[in-house]
Every structure is written in C-alpha cells, then in structure tokens.
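**Student:** Quick one, model-v3.txt (compact mmCIF, C-alpha atoms):
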# COMPACT_ATOMS: atom_id res chain seq x y z
CA MET A 1 0.00 0.00 0.00
CA LYS A 2 2.84 2.39 0.85
CA ASN A 3 4.51 1.63 -2.50
CA ARG A 4 1.28 2.44 -4.32
CA TYR A 5 1.04 5.85 -2.66
CA LEU A 6 4.70 6.51 -3.45
CA LEU A 7 4.12 5.72 -7.13
CA LEU A 8 1.13 8.07 -7.29
CA PHE A 9 3.17 10.81 -5.62
CA VAL A 10 5.95 10.46 -8.21
CA VAL A 11 3.43 10.73 -11.06
CA PHE A 12 1.82 13.81 -9.47
CA VAL A 13 5.19 15.55 -9.09
CA LEU A 14 6.03 14.89 -12.73
CA PHE A 15 2.76 16.45 -13.85
CA ALA A 16 3.03 19.42 -11.53
CA SER A 17 6.61 20.24 -12.47
CA CYS A 18 6.03 20.40 -16.22
CA LYS A 19 4.63 23.51 -17.90
CA ASP A 20 3.85 21.63 -21.07
CA LYS A 21 2.00 18.36 -21.37
CA PRO A 22 4.51 15.60 -20.64
CA THR A 23 5.23 13.22 -23.45
CA LYS A 24 6.74 10.56 -21.25
CA ILE A 25 6.21 9.52 -17.64
CA VAL A 26 8.76 7.42 -15.84
CA ALA A 27 7.95 5.85 -12.48
CA GLU A 28 10.05 3.72 -10.24
CA THR A 29 8.95 1.54 -7.31
CA ILE A 30 11.14 2.10 -4.28
CA ALA A 31 11.05 -0.59 -1.60
CA VAL A 32 10.39 0.72 1.90
CA LYS A 33 12.54 -1.05 4.47
CA THR A 34 10.60 -2.08 7.59
CA THR A 35 11.07 -4.46 10.49
CA THR A 36 9.73 -7.86 9.50
CA ASP A 37 6.70 -9.27 11.27
CA SER A 38 8.77 -12.03 12.83
CA ASP A 39 11.26 -9.53 14.26
CA ALA A 40 8.43 -7.41 15.64
CA SER A 41 6.73 -10.44 17.21
CA LEU A 42 9.97 -11.54 18.84
CA ALA A 43 10.64 -8.07 20.22
CA MET A 44 7.11 -7.85 21.62
CA THR A 45 7.35 -11.31 23.17
CA GLN A 46 10.60 -10.40 24.88
CA MET A 47 9.17 -7.12 26.16
CA ILE A 48 6.07 -8.64 27.79
CA ALA A 49 7.75 -11.84 29.03
CA PRO A 50 8.47 -10.53 32.59
CA TYR A 51 4.89 -9.26 32.97
CA LYS A 52 3.39 -12.46 31.55
CA SER A 53 5.33 -14.54 34.05
CA VAL A 54 3.92 -12.59 37.00
CA LEU A 55 0.39 -12.63 35.56
CA ASP A 56 0.51 -16.38 34.85
CA GLU A 57 1.53 -17.02 38.44
CA LYS A 58 -1.57 -15.20 39.70
CA MET A 59 -4.01 -16.49 37.08
CA ASN A 60 -3.09 -20.14 37.57
CA VAL A 61 -4.05 -20.13 41.27
CA PRO A 62 -6.69 -22.86 41.94
CA VAL A 63 -10.01 -21.51 43.25
CA GLY A 64 -12.16 -24.65 43.26
CA ILE A 65 -13.04 -28.03 41.81
CA CYS A 66 -15.74 -28.63 39.20
CA VAL A 67 -17.51 -31.98 39.65
CA ALA A 68 -18.65 -32.25 36.01
CA THR A 69 -18.09 -30.08 32.95
CA MET A 70 -20.52 -27.17 32.87
CA ASP A 71 -21.33 -26.20 29.30
CA VAL A 72 -23.30 -23.14 28.20
CA GLY A 73 -26.25 -23.27 25.82
CA ARG A 74 -30.00 -22.94 25.30
CA PRO A 75 -32.76 -23.27 26.41
CA GLU A 76 -30.93 -23.91 29.71
CA SER A 77 -27.47 -25.20 30.55
CA LEU A 78 -25.39 -26.24 33.53
CA LEU A 79 -23.19 -23.14 33.44
CA SER A 80 -25.95 -20.58 32.92
CA ASN A 81 -27.99 -22.22 35.70
CA PHE A 82 -25.00 -22.10 38.04
CA VAL A 83 -24.26 -18.44 37.30
CA CYS A 84 -27.90 -17.33 37.59
CA ASP A 85 -28.37 -19.24 40.85
CA ALA A 86 -25.30 -17.42 42.19
CA MET A 87 -26.65 -14.07 40.93
CA LEU A 88 -30.02 -14.60 42.62
CA LYS A 89 -28.40 -15.65 45.89
CA LYS A 90 -26.11 -12.60 45.93
CA ALA A 91 -28.93 -10.23 44.91
CA ASN A 92 -30.97 -11.35 47.91
CA GLU A 93 -28.10 -10.28 50.14
CA PHE A 94 -28.72 -6.72 48.91
CA MET A 95 -32.55 -6.78 48.91
CA PRO A 96 -35.37 -9.28 48.27
CA THR A 97 -35.16 -10.41 44.63
CA ASP A 98 -37.54 -12.70 42.71
CA PHE A 99 -35.53 -14.00 39.77
CA SER A 100 -32.34 -13.54 37.77
CA LEU A 101 -31.30 -13.39 34.14
CA THR A 102 -28.05 -13.39 32.21
CA ASN A 103 -27.28 -13.73 28.53
CA VAL A 104 -25.59 -16.99 27.50
CA GLY A 105 -23.55 -14.98 25.00
CA GLY A 106 -21.85 -13.28 27.93
CA LEU A 107 -20.54 -16.62 29.24
CA ARG A 108 -17.60 -17.10 26.91
CA LYS A 109 -16.30 -20.51 27.91
CA SER A 110 -17.43 -23.72 29.59
CA ILE A 111 -15.93 -24.81 32.91
CA SER A 112 -14.29 -28.20 32.47
CA GLN A 113 -14.38 -30.96 35.04
CA GLY A 114 -11.51 -30.77 37.50
CA GLU A 115 -9.48 -27.90 38.90
CA VAL A 116 -10.84 -24.40 38.35
CA THR A 117 -8.32 -21.55 38.31
CA LEU A 118 -8.66 -17.80 38.43
CA ARG A 119 -7.83 -17.84 34.71
CA THR A 120 -10.89 -20.03 34.11
CA VAL A 121 -13.15 -17.48 35.78
CA TYR A 122 -11.73 -14.67 33.63
CA GLU A 123 -12.20 -16.79 30.50
CA VAL A 124 -15.83 -17.48 31.41
CA MET A 125 -16.54 -13.81 32.20
CA PRO A 126 -13.97 -11.53 30.48
CA PHE A 127 -16.26 -8.49 30.65
CA ASP A 128 -16.59 -6.03 33.54
CA ASN A 129 -20.37 -6.42 33.71
CA ARG A 130 -21.99 -5.50 37.03
CA LEU A 131 -24.90 -6.98 38.93
CA VAL A 132 -27.92 -4.69 38.81
CA LEU A 133 -31.42 -5.09 40.22
CA LEU A 134 -34.50 -3.95 38.29
CA ASP A 135 -38.11 -3.51 39.37
CA LEU A 136 -40.42 -4.74 36.60
CA SER A 137 -44.18 -4.90 36.30
CA GLY A 138 -45.67 -8.35 35.79
CA HIS A 139 -46.67 -7.22 32.31
CA ASP A 140 -43.04 -6.50 31.42
CA VAL A 141 -41.90 -9.75 33.02
CA LEU A 142 -44.13 -11.64 30.59
CA ALA A 143 -42.85 -9.53 27.70
CA LEU A 144 -39.29 -10.30 28.85
CA CYS A 145 -40.03 -14.02 28.84
CA ASP A 146 -41.33 -13.72 25.29
CA ALA A 147 -38.07 -11.97 24.35
CA ILE A 148 -36.08 -14.81 25.95
CA ALA A 149 -38.22 -17.39 24.17
CA SER A 150 -37.66 -15.64 20.82
CA VAL A 151 -33.92 -16.40 21.02
CA GLY A 152 -34.40 -19.95 22.29
CA GLY A 153 -33.63 -19.30 25.95
CA GLU A 154 -31.18 -17.48 28.23
CA GLY A 155 -29.79 -18.12 31.69
CA VAL A 156 -32.41 -17.68 34.42
CA SER A 157 -33.10 -18.60 38.04
CA GLY A 158 -36.24 -18.26 40.16
CA ILE A 159 -38.52 -18.33 37.12
CA THR A 160 -39.77 -21.15 34.89
CA PHE A 161 -41.57 -21.26 31.55
CA GLY A 162 -41.99 -23.24 28.38
CA ILE A 163 -41.28 -22.16 24.81
CA ALA A 164 -43.97 -22.82 22.21
CA ASN A 165 -43.84 -21.31 18.73
CA GLY A 166 -41.26 -18.76 19.85
CA ARG A 167 -43.41 -17.51 22.76
CA ALA A 168 -43.21 -18.05 26.52
CA VAL A 169 -45.99 -20.15 28.06
CA ASP A 170 -46.92 -21.09 31.64
CA VAL A 171 -44.61 -18.47 33.18
CA LYS A 172 -44.18 -18.93 36.92
CA ILE A 173 -42.13 -17.22 39.62
CA ALA A 174 -41.66 -19.15 42.87
CA GLY A 175 -44.15 -21.68 41.48
CA LYS A 176 -46.92 -19.14 40.99
CA ALA A 177 -48.31 -17.66 37.77
CA VAL A 178 -47.05 -14.15 37.06
CA ASP A 179 -49.46 -11.39 38.09
CA LYS A 180 -49.44 -8.63 35.46
CA ASP A 181 -50.16 -5.98 38.08
CA HIS A 182 -47.51 -7.09 40.56
CA VAL A 183 -43.99 -5.58 40.69
CA TYR A 184 -41.16 -8.12 40.60
CA ARG A 185 -37.46 -7.61 41.20
CA LEU A 186 -34.96 -9.01 38.70
CA ALA A 187 -31.21 -9.48 39.10
CA THR A 188 -29.35 -9.13 35.82
CA ASN A 189 -26.23 -7.47 34.39
CA ASP A 190 -25.86 -3.81 33.46
CA TYR A 191 -25.39 -4.71 29.77
CA LEU A 192 -28.85 -6.29 29.51
CA SER A 193 -30.45 -3.51 31.55
CA PHE A 194 -30.15 -1.27 28.48
CA GLY A 195 -32.23 -3.70 26.42
CA ASN A 196 -29.26 -5.28 24.66
CA ASP A 197 -29.40 -8.80 23.17
CA LYS A 198 -33.10 -8.29 22.38
CA MET A 199 -34.02 -7.91 26.06
CA VAL A 200 -35.90 -4.69 25.21
CA PRO A 201 -38.57 -4.98 27.97
CA LEU A 202 -35.84 -4.30 30.54
CA VAL A 203 -35.70 -0.63 29.55
CA ASN A 204 -39.23 -0.30 30.96
CA ASN A 205 -37.96 -0.96 34.48
CA LEU A 206 -39.61 1.07 37.24
CA LYS A 207 -36.38 1.41 39.19
CA ILE A 208 -32.79 0.24 38.89
CA TYR A 209 -30.26 -0.48 41.63
CA ASP A 210 -26.58 -0.83 40.74
CA THR A 211 -24.81 -3.05 43.27
CA GLY A 212 -21.38 -2.12 41.89
CA LEU A 213 -20.44 -5.81 42.09
CA GLN A 214 -18.83 -7.34 39.00
CA LEU A 215 -20.29 -10.65 37.86
CA ARG A 216 -16.78 -12.05 37.56
CA ASP A 217 -16.19 -11.48 41.28
CA LEU A 218 -19.60 -12.95 42.07
CA ILE A 219 -18.78 -16.13 40.10
CA LEU A 220 -15.35 -16.36 41.72
CA GLU A 221 -16.89 -16.02 45.19
CA SER A 222 -19.50 -18.66 44.46
CA ILE A 223 -16.85 -21.15 43.26
CA SER A 224 -14.48 -20.41 46.13
CA GLU A 225 -17.20 -20.94 48.76
CA CYS A 226 -17.77 -24.56 47.70
CA SER A 227 -15.43 -27.49 48.17
CA SER A 228 -16.75 -28.72 44.82
CA VAL A 229 -18.83 -26.91 42.18
CA ALA A 230 -21.84 -28.59 40.58
CA SER A 231 -24.98 -27.66 38.69
CA VAL A 232 -28.17 -29.36 37.50
CA LEU A 233 -30.63 -29.10 34.63
CA ASP A 234 -34.07 -28.73 36.20
CA GLY A 235 -36.31 -27.63 33.34
CA ARG A 236 -36.48 -23.97 34.29
CA ILE A 237 -36.81 -23.21 30.54
CA TYR A 238 -38.11 -26.02 28.35
CA GLU A 239 -39.42 -26.64 24.85
CA LYS A 240 -43.11 -27.55 24.59
How would this structure read if it were set down as structure tokens?
**Tutor:**
Amino acid sequence: MKNRYLLLFVVFVLFASCKDKPTKIVAETIAVKTTTDSDASLAMTQMIAPYKSVLDEKMNVPVGICVATMDVGRPESLLSNFVCDAMLKKANEFMPTDFSLTNVGGLRKSISQGEVTLRTVYEVMPFDNRLVLLDLSGHDVLALCDAIASVGGEGVSGITFGIANGRAVDVKIAGKAVDKDHVYRLATNDYLSFGNDKMVPLVNNLKIYDTGLQLRDLILESISECSSVASVLDGRIYEK
C-alpha cells in the first residue's frame, strides 16, 4: 500500500513540475525497508515476558473443583444455571429479589471438570459487567419471557416457563403464575439492563439499583465458597 502511494506521488510531481503536457512519464517503485513481522513479534514477546510470568503465576491459582463439565447453551445449561443461581443468591443479600437473568452470550467458555483456576473465571466472564437489580411490572416480566423465548432461551433462576412457537408459556415465579399488576425484582447485568441482546422490555424498568459488584467477582466467590462446584438441569426453561 505504501509503495502504491509513493508511485502516485511520483506521477503527481512529474505532472506538476512540467509547464507543457509531458510526453513521457517514468515511475520507479522504491522498496520501503521495515522491520519484519517475525522480528516485531519476537521483540514484543521479549518485552512482555516478565509481565506475563507474574500474571501467569496469579491467574493459575486454583479456586475450586468442578464436579462435572458445565457447558453453556440454550434453552438452559449447567453453566448458565450455576451463574444465575449465584446471581439470585447474591442479589438477595442486597434486597429481596424474585428471579435472575443473564445472557448466555456473555458466558464465553465452559468450565471443564476438575481444577478451576482464576484464569478459568476470567475466561468465562472476560467483561466487567456488574450486577444490577431492576423492578419490573408483571406485564413486562411476561414480555421479557417472550423476548427470551424468541432467542431460544437465556440463563435464568427463580422463574420457569416453556417455549412454544417462539413464545413463553406457563410463566411462573416461585411456582406461581405471574401477576401482570404485581412488581417483581430481577437481578441481571448492566449490559442487559439497556435492552441489549433483544431484552428490550428491561428498559421499561420502574427502578434500577446498581450493586457495583462485578459478575466475575460474584462467580469467583461462588466457586471459592464450595469445596466442589456442581450444577443441575431442572427444566427452568423447556421446549413444549
């Protein structure tokens, strides 16, 4: 690309420097000497090596044991269930909360069976998303469930429903049908609170509380508290 610009510059100068129409244009390609990619990569590797060594030492610290591999997927999954259960538990430490929601797209890696390290937690949740609590009318809760159903499911806890023809059916919170006139409290992440990932009904929240707690720290705490980490599939979202 640089050579192309150089060639055009030479042609322009030839035109600009001639009073009469030029009868002959001569151009020459001049190679631009640069550091090769391999040299640059080596230099960068050498520069960051001391920092990487210190970081690796911290990131490879064991924080727990996973009983069985927890994958992430739809309509429900072991990892999304585990994370949402942890979110709901933590939210209730701040104030009474009815259910929780997170987007499976925000969980970037499964947790394999065996030793879980701090690096694993960062790989699962590389974003600095925070736990927020939203007050939603029952009407918007049902609309939210339809939004979740339209994408085939997301991570939830404290709420159950089926998916039929892309819509949510038989929606229940704490085993009871959702009351459209009741106000429910949802624990989710700040990213979804803006209606991202098609969770548009969340922008209709009546009130929002920002806990300031990062989901990554919440997940780390939940893993560290247990001698062994496990999750179950319990049909909280199911296909009808």
**Student:** For Gly106 (chain A), list every protein, DNA or RNA residue within 12 Å, evaluated using only C-alpha atoms, and leave out those in the same chain fewer than 5 positions away; present the list as an mmCIF file with C-alpha atoms, in the frame of the given file.
**Tutor:**
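Generated output (part-v7.cif):
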data_model
loop_
_atom_site.group_PDB
_atom_site.id
_atom_site.type_symbol
_atom_site.label_atom_id
_atom_site.label_comp_id
_atom_site.auth_asym_id
_atom_site.auth_seq_id
_atom_site.Cartn_x
_atom_site.Cartn_y
_atom_site.Cartn_z
ATOM 1 C CA VAL A 72 -23.300 -23.140 28.200
ATOM 2 C CA GLY A 73 -26.250 -23.270 25.820
ATOM 3 C CA LEU A 79 -23.190 -23.140 33.440
ATOM 4 C CA SER A 80 -25.950 -20.580 32.920
ATOM 5 C CA VAL A 83 -24.260 -18.440 37.300
ATOM 6 C CA LEU A 101 -31.300 -13.390 34.140
ATOM 7 C CA TYR A 122 -11.730 -14.670 33.630
ATOM 8 C CA GLU A 123 -12.200 -16.790 30.500
ATOM 9 C CA VAL A 124 -15.830 -17.480 31.410
ATOM 10 C CA MET A 125 -16.540 -13.810 32.200
ATOM 11 C CA PRO A 126 -13.970 -11.530 30.480
ATOM 12 C CA PHE A 127 -16.260 -8.490 30.650
ATOM 13 C CA ASP A 128 -16.590 -6.030 33.540
ATOM 14 C CA ASN A 129 -20.370 -6.420 33.710
ATOM 15 C CA ARG A 130 -21.990 -5.500 37.030
ATOM 16 C CA GLU A 154 -31.180 -17.480 28.230
ATOM 17 C CA GLY A 155 -29.790 -18.120 31.690
ATOM 18 C CA THR A 188 -29.350 -9.130 35.820
ATOM 19 C CA ASN A 189 -26.230 -7.470 34.390
ATOM 20 C CA ASP A 190 -25.860 -3.810 33.460
ATOM 21 C CA TYR A 191 -25.390 -4.710 29.770
ATOM 22 C CA LEU A 192 -28.850 -6.290 29.510
ATOM 23 C CA ASN A 196 -29.260 -5.280 24.660
ATOM 24 C CA ASP A 197 -29.400 -8.800 23.170
ATOM 25 C CA LEU A 215 -20.290 -10.650 37.860
ATOM 26 C CA ARG A 216 -16.780 -12.050 37.560
#
**Student:** For Leu202 (chain A), work out the shell of residues within 9 Å, counting all atoms listed in the file and skipping chain neighbours fewer than 4 positions away, then give it as a ChimeraX atom specification.
**Tutor:** /A:134,136,140-141,144,192-196
**Student:** May I have the selected residues written with C-alpha atoms, as an mmCIF file, in the coordinates of the input?
**Tutor:**
data_model
loop_
_atom_site.group_PDB
_atom_site.id
_atom_site.type_symbol
_atom_site.label_atom_id
_atom_site.label_comp_id
_atom_site.auth_asym_id
_atom_site.auth_seq_id
_atom_site.Cartn_x
_atom_site.Cartn_y
_atom_site.Cartn_z
ATOM 1 C CA LEU A 134 -34.500 -3.950 38.290
ATOM 2 C CA LEU A 136 -40.420 -4.740 36.600
ATOM 3 C CA ASP A 140 -43.040 -6.500 31.420
ATOM 4 C CA VAL A 141 -41.900 -9.750 33.020
ATOM 5 C CA LEU A 144 -39.290 -10.300 28.850
ATOM 6 C CA LEU A 192 -28.850 -6.290 29.510
ATOM 7 C CA SER A 193 -30.450 -3.510 31.550
ATOM 8 C CA PHE A 194 -30.150 -1.270 28.480
ATOM 9 C CA GLY A 195 -32.230 -3.700 26.420
ATOM 10 C CA ASN A 196 -29.260 -5.280 24.660
#
**Student:** Which of these residues is nearest to Ile159 (chain A), using only C-alpha atoms: A:Ala43, A:Ala230, A:Leu88, A:Leu131?
**Tutor:**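 Ranked by minimum distance to Ile159 (chain A), first place goes to A:Leu88.
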**Student:** Quick check, in Å to one decimal: how far apart do CA of Lys207 (chain A) and CA of Ile163 (chain A) lie?
**Tutor:**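 Interatomic distance, CA of Lys207 (chain A) to CA of Ile163 (chain A): 28.0 Å.
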**Student:** Could you work out how far CA of Leu186 (chain A) lies from CA of Ser227 (chain A), giving the answer in Å with one decimal?
**Tutor:**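 So the two atoms, CA of Ser227 (chain A) and CA of Leu186 (chain A), lie 28.5 Å apart.
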**Student:** Find the residues near region 231-239 of chain A: any atom within 6 Å, counting all atoms listed in the file, skip ones fewer than 6 places away on the same chain, and give them as a PDB file with C-alpha atoms, in the coordinates of the input.
**Tutor:**
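Below is the file that was written, selection21.pdb:
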ATOM      1  CA  PRO A  75     -32.760 -23.270  26.410  1.00  0.00           C
ATOM      2  CA  GLU A  76     -30.930 -23.910  29.710  1.00  0.00           C
ATOM      3  CA  LEU A  78     -25.390 -26.240  33.530  1.00  0.00           C
ATOM      4  CA  PHE A  82     -25.000 -22.100  38.040  1.00  0.00           C
ATOM      5  CA  THR A 160     -39.770 -21.150  34.890  1.00  0.00           C
ATOM      6  CA  PHE A 161     -41.570 -21.260  31.550  1.00  0.00           C
ATOM      7  CA  GLY A 162     -41.990 -23.240  28.380  1.00  0.00           C
ATOM      8  CA  ILE A 163     -41.280 -22.160  24.810  1.00  0.00           C
TER       9      ILE A 163
END
**Student:** What is the distance between CA of Leu142 (chain A) and CA of Asn103 (chain A), in Å to one decimal?
**Tutor:**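 These two atoms are separated by 17.1 Å.
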**Student:** Between A:Glu93, A:Glu28, A:Asp135, A:Asp71, which one has atoms that come closest to Arg185 (chain A), using all atoms listed in the file?
**Tutor:**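 Looking only at the distances to Arg185 (chain A), the closest residue turns out to be A:Asp135.
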**Student:** Render region 145-179 of chain A from the structure in the preceding block as a file of C-alpha atoms, as a PDB file, in the first residue's frame.
**Tutor:**
ATOM      1  CA  CYS A 145     -40.030 -14.021  28.845  1.00  0.00           C
ATOM      2  CA  ASP A 146     -41.330 -13.721  25.286  1.00  0.00           C
ATOM      3  CA  ALA A 147     -38.067 -11.973  24.349  1.00  0.00           C
ATOM      4  CA  ILE A 148     -36.084 -14.807  25.952  1.00  0.00           C
ATOM      5  CA  ALA A 149     -38.220 -17.385  24.165  1.00  0.00           C
ATOM      6  CA  SER A 150     -37.664 -15.643  20.820  1.00  0.00           C
ATOM      7  CA  VAL A 151     -33.921 -16.400  21.021  1.00  0.00           C
ATOM      8  CA  GLY A 152     -34.402 -19.953  22.289  1.00  0.00           C
ATOM      9  CA  GLY A 153     -33.630 -19.296  25.952  1.00  0.00           C
ATOM     10  CA  GLU A 154     -31.180 -17.484  28.229  1.00  0.00           C
ATOM     11  CA  GLY A 155     -29.785 -18.116  31.691  1.00  0.00           C
ATOM     12  CA  VAL A 156     -32.413 -17.681  34.423  1.00  0.00           C
ATOM     13  CA  SER A 157     -33.103 -18.600  38.041  1.00  0.00           C
ATOM     14  CA  GLY A 158     -36.239 -18.262  40.162  1.00  0.00           C
ATOM     15  CA  ILE A 159     -38.516 -18.333  37.118  1.00  0.00           C
ATOM     16  CA  THR A 160     -39.772 -21.147  34.887  1.00  0.00           C
ATOM     17  CA  PHE A 161     -41.575 -21.261  31.555  1.00  0.00           C
ATOM     18  CA  GLY A 162     -41.987 -23.236  28.381  1.00  0.00           C
ATOM     19  CA  ILE A 163     -41.284 -22.155  24.812  1.00  0.00           C
ATOM     20  CA  ALA A 164     -43.971 -22.818  22.213  1.00  0.00           C
ATOM     21  CA  ASN A 165     -43.844 -21.313  18.726  1.00  0.00           C
ATOM     22  CA  GLY A 166     -41.263 -18.763  19.853  1.00  0.00           C
ATOM     23  CA  ARG A 167     -43.407 -17.507  22.758  1.00  0.00           C
ATOM     24  CA  ALA A 168     -43.212 -18.053  26.517  1.00  0.00           C
ATOM     25  CA  VAL A 169     -45.990 -20.145  28.058  1.00  0.00           C
ATOM     26  CA  ASP A 170     -46.918 -21.087  31.638  1.00  0.00           C
ATOM     27  CA  VAL A 171     -44.606 -18.475  33.177  1.00  0.00           C
ATOM     28  CA  LYS A 172     -44.181 -18.931  36.924  1.00  0.00           C
ATOM     29  CA  ILE A 173     -42.126 -17.224  39.625  1.00  0.00           C
ATOM     30  CA  ALA A 174     -41.661 -19.146  42.867  1.00  0.00           C
ATOM     31  CA  GLY A 175     -44.146 -21.679  41.481  1.00  0.00           C
ATOM     32  CA  LYS A 176     -46.925 -19.139  40.988  1.00  0.00           C
ATOM     33  CA  ALA A 177     -48.314 -17.658  37.766  1.00  0.00           C
ATOM     34  CA  VAL A 178     -47.051 -14.150  37.063  1.00  0.00           C
ATOM     35  CA  ASP A 179     -49.459 -11.390  38.091  1.00  0.00           C
TER      36      ASP A 179
END
